[in-house]
Every structure is written in structure tokens, then in C-alpha cells.
Amino acid sequence: MNKLEQDIQFAARLARSGQEAPLLGGRMLAWWGGMVALAYGLHYLLITGRLEPPGLPLGPAIGILWLAFVVIASVGYWLLIRRYPYHQGGSGSAANRADRAIWGSAGLAIGWIMVGALVRSLLDGRPDQVFAWTVPMVFAIYATAQLAVGWLSNSGVLQAAGLLAGAVAMVCWLLAGQSMQFVVASAGAALTLLLPGVLLWRRETDPGRDDAP
Amino acid sequence: MPPEKPTPPDDSPFDHSSIDDVIHGRLRLGVMGYLSTASPALFTELRDKVGATDGNLAAHLKKLEAAGYVFVEKRPSTGRPQTFIHLTKPGRAAWLEWLHRVQSLIEATGKG
């Protein structure tokens with residue numbers, strides 16, 4: 001093998017290592033998944049009376065729950081972004097850039113849905129019903145984002161999470177208005193966001209781990 | 001007086017003088033190869049990937065930057081500022097052109 005061929009192989013090996021760099025958004029996915037699962041779980045406990053904050057009616061209690069969710073989840077997310085693992089390498093890979101762009105867009109879409117639902121619920125005076133509609137919409141967005149990133153990065157875990165999130169979205173439409181919807185949503189967030197997030201996070205530090213079936 | 005660059009014979013299917021000298025070098029090839037699939041990359045990430053020292057990589061990056069193939073960005077961070085290396089559009093075009101030229105060379109050699 002001559003020197004030119006060796007140099008080309010060297011460059012090709014490096015190009016492949018960039019292309020196959022692990023996804024670095026695992027900790028963000030795990031954080032949001034954990035927070036969403038917890039919030040839906042607490043929402044279920046509040047509306048079924050299993051959790052009764054002393055001296056606080058149901059409406060304000062739910063409002064405080066979701067306000068606390070937005071504040072805590074956003075602050076945690078901001079801290080995680082500041083500690084984005086650039087040092088792991090591969091942050092500029094197509095899959096990682098797509099991951100950030102897709103989830104950034106998905107976050108905006110969820111925000112627009114939630115703001116719309118808030119305005120509608122204020123106009124209608126039926127926050128419970130409007131809020132119930134947002135759950136399947138949000139899971140449909142999770143499904144789209146997970147499938148898109150999963151296909152781009154060839155991650156079987158994310159593709160499976162996306163399909164499951166789609167199934168959760170359908171079930172949540174069927175259960176809309178029933179308290180059980182929030183149990184399904186809580187479990188769905190744990191399985192479609194938290195679990196794949198933890199798996200991706202582990203793979204960051206051990207790229208040899210093959211979590212893609 | 002420096003020797004004149006040899007010109008290819010009229011029947012040669014390949015002109016080796018058309019290969020981009022800025023890219024053509026093991027370390028700069030490695031940098032361009034890695035950035036072609038992972039841009040931007042941290043300076044330290046690139047250094048570890050190509051197996052160079054800080055000084056050596058910085059010197060090669062200066063040549064690539066002077067040619068407009070990469071640009072260096074310093075971002076403020078919680079600790080030391082982070083240095084990111086971006087592949088530019090002309091850099092990507094030059095990389096693809098280099099690949100095309102080398103492919104021509106290999107084909108020409110194979111025919112010879």
C-alpha cells in the first residue's frame with residue numbers, strides 16, 4: 001500500500017468516526033422524560049384525590065404543579081445545556097445537529113400547543129378538558145421527534161421509542177377526559193423519553209455499546 | 001533557480017499539479033475528513049482524532065484557515081473558552097474536489 005492510499009484510509013477512518021459519533025442528547029431526553037413522567041403522575045394523583053395538598057383546591061393545585069414543572073424542568077434543562085458534553089466528541093455530526101434541531105422544533109411546537117390550550121381553557125373555563133386534549137398531541141410530537149432522530153442516527157432504541165410514543169398518543173386520545181389517561185401518559189413518558197435517554201447517555205461514554213438492534 | 005514543475009505529457013489522463021496542496025498532507029487530510037462529517041469540532045477533539053500535538057494542529061489549521069477552508073470560533077464557557085473548528089462551504093467544496101482529483105489519479109494509475 002502506497003503513502004497516498006494510507007493517507008486516504010486515514011482520512012476515511014476519521015470521516016467514518018465523525019459519521020458514527022454517538023448521540024449526545026441522552027441526558028436532556030432523560031431529564032425531560034423524568035420530569036414529564038413525574039408531572040403526569042402527580043396530575044393523576046391530584047385529580048383522583050389520592051394526593052390532597054392541605055388548603056388548596058384542585059384547580060390551583062394543578063396550576064401550581066404545572067407551573068412548578070415548567071420552572072424546574074426549564075432551569076434543569078438550561079443547566080444541562082451549559083454542560084453539553086462537547087468534550088465527548090462528535091457534537092458536530094449530522095445526527096447530533098439534527099437531534100438538536102428536531103428537539104428544538106419539537107419543544108417550540110409543544111410550547112405553542114400548551115399556550116393555545118391555556119388561552120382556550122381560560123376562554124372556555126374548562127381547563128380539564130382542554131388539557132386532556134394536549135396529552136395525545138404532545139405524544140404525537142414526541143413520536144415524530146424520536147422517529148426522525150432514530151432514523152437519521154440509525155438508533156433502534158429511538159425508533160422503537162418513537163413508535164411507542166405514537167401508540168401512547170392513540171391510547172391517550174381514547175382515554176381523553178379519563179384520569180387513566182395520565183397514568184398512561186406518565187408510563188409513556190418514562191418508556192419513550194426517560195429510558196431511551198438513559199440508554200443514550202450510557203452509550204456516550206461507551207460508544208462500543210450497541211443499543212441499536 | 002527552482003526546478004520547473006513537470007508538465008504532464010499530452011496523452012496523460014491526469015494532471016497531478018491540479019491536486020490541492022493545502023489539503024494534500026496526512027494531518028490536513030485527517031482534519032478535512034473528520035470535519036466533513038462532524039463540523040464544528042472542538043480543537044481538543046480534532047487533536048485527539050488526528051493524533052497531533054496542540055502546536056502541530058494549530059499550525060496546520062492556520063494554513064487551512066488562510067485558504068478559507070475552515071474557520072476558528074472561540075466560545076465562552078464556564079471554564080476556559082472552547083475553541084470550535086468549522087468546515088466552511090469553500091472548504092467542503094475543496095474537499096470534494098480533492099476526492100474527485102484523487103479518484104481520477106487512482107483511475108489513471110490503474111489504466112497505466
# chains A, B, ... in the order shown; residues from 1 in each chain; ligands from 1
call {"tool": "closest_atom_pairs", "arguments": {"of": "chain A", "to": "chain B", "cutoff": "6 Å", "atoms": "only C-alpha atoms", "output": "Markdown table"}}
result
| residue | atom | partner | partner_atom | distance |
| --- | --- | --- | --- | --- |
| A:Asp7 | CA | B:Arg26 | CA | 5.5 |
| A:Ala11 | CA | B:Gly30 | CA | 4.5 |
| A:Leu14 | CA | B:Tyr34 | CA | 4.9 |
| A:Ala15 | CA | B:Tyr34 | CA | 4.4 |
| A:Gly18 | CA | B:Ala38 | CA | 4.9 |
| A:Gln19 | CA | B:Thr37 | CA | 5.3 |
| A:Gly89 | CA | B:Glu45 | CA | 5.6 |
| A:Gly90 | CA | B:Ala38 | CA | 5.8 |
| A:Gly92 | CA | B:Ala38 | CA | 4.3 |
| A:Ser93 | CA | B:Ala38 | CA | 3.9 |
call {"tool": "write_last_selection", "arguments": {"atoms": "N, CA, C and O atoms", "output": "compact mmCIF listing (two decimals), in the first residue's frame"}}
result
# COMPACT_ATOMS: atom_id res chain seq x y z
N ASP A 7 -2.89 7.51 3.44
CA ASP A 7 -3.46 8.80 3.85
C ASP A 7 -4.97 8.83 3.60
O ASP A 7 -5.74 9.34 4.40
N ALA A 11 -7.93 9.37 6.38
CA ALA A 11 -8.99 10.38 6.30
C ALA A 11 -10.36 9.72 6.29
O ALA A 11 -11.31 10.21 6.93
N LEU A 14 -11.32 8.65 9.80
CA LEU A 14 -11.76 9.79 10.60
C LEU A 14 -13.15 10.26 10.18
O LEU A 14 -13.97 10.61 11.02
N ALA A 15 -13.40 10.27 8.86
CA ALA A 15 -14.72 10.69 8.38
C ALA A 15 -15.80 9.74 8.92
O ALA A 15 -16.87 10.17 9.35
N GLY A 18 -16.56 10.40 12.58
CA GLY A 18 -17.45 11.54 12.77
C GLY A 18 -18.89 11.18 12.47
O GLY A 18 -19.80 11.53 13.19
N GLN A 19 -19.04 10.39 11.40
CA GLN A 19 -20.39 10.00 10.98
C GLN A 19 -21.06 9.10 12.03
O GLN A 19 -22.26 9.16 12.23
N GLY A 89 -16.89 14.52 21.93
CA GLY A 89 -16.59 14.47 20.50
C GLY A 89 -17.81 14.12 19.68
O GLY A 89 -18.74 13.45 20.17
N GLY A 90 -17.83 14.60 18.45
CA GLY A 90 -18.93 14.26 17.55
C GLY A 90 -20.14 15.17 17.69
O GLY A 90 -21.18 14.89 17.10
N GLY A 92 -20.66 17.86 16.34
CA GLY A 92 -20.99 18.47 15.05
C GLY A 92 -21.44 17.46 14.01
O GLY A 92 -21.60 17.82 12.84
N SER A 93 -21.63 16.20 14.42
CA SER A 93 -22.07 15.19 13.44
C SER A 93 -23.48 15.52 12.96
O SER A 93 -24.24 16.21 13.65
call {"tool": "residues_around", "arguments": {"residues": "Asp20 in chain B", "least_positions_apart": "6", "cutoff": "9 Å", "atoms": "only C-alpha atoms", "output": "list in words"}}
result
Ala94, Trp95, Glu97, Trp98 and Arg101 of chain B
call {"tool": "residues_around", "arguments": {"residues": "range 181-190 of chain A", "least_positions_apart": "3", "cutoff": "12 Å", "atoms": "only C-alpha atoms", "output": "PyMOL selection string"}}
result
chain A and resi 29-48+128-129+131-140+142-143+161-178+193-198
call {"tool": "atom_distance", "arguments": {"atom1": "CA of Ala93 in chain B", "atom2": "CA of Gly150 in chain A"}}
result
28.7 Å
call {"tool": "residues_around", "arguments": {"residues": "Ala66 in chain B", "least_positions_apart": "6", "cutoff": "12 Å", "atoms": "only C-alpha atoms", "output": "JSON, numbers by chain"}}
result
{"B": [22, 23, 59, 60, 72, 88, 90, 91]}
call {"tool": "atom_distance", "arguments": {"atom1": "CA of Gln146 in chain A", "atom2": "CA of Asp99 in chain A"}}
result
8.9 Å
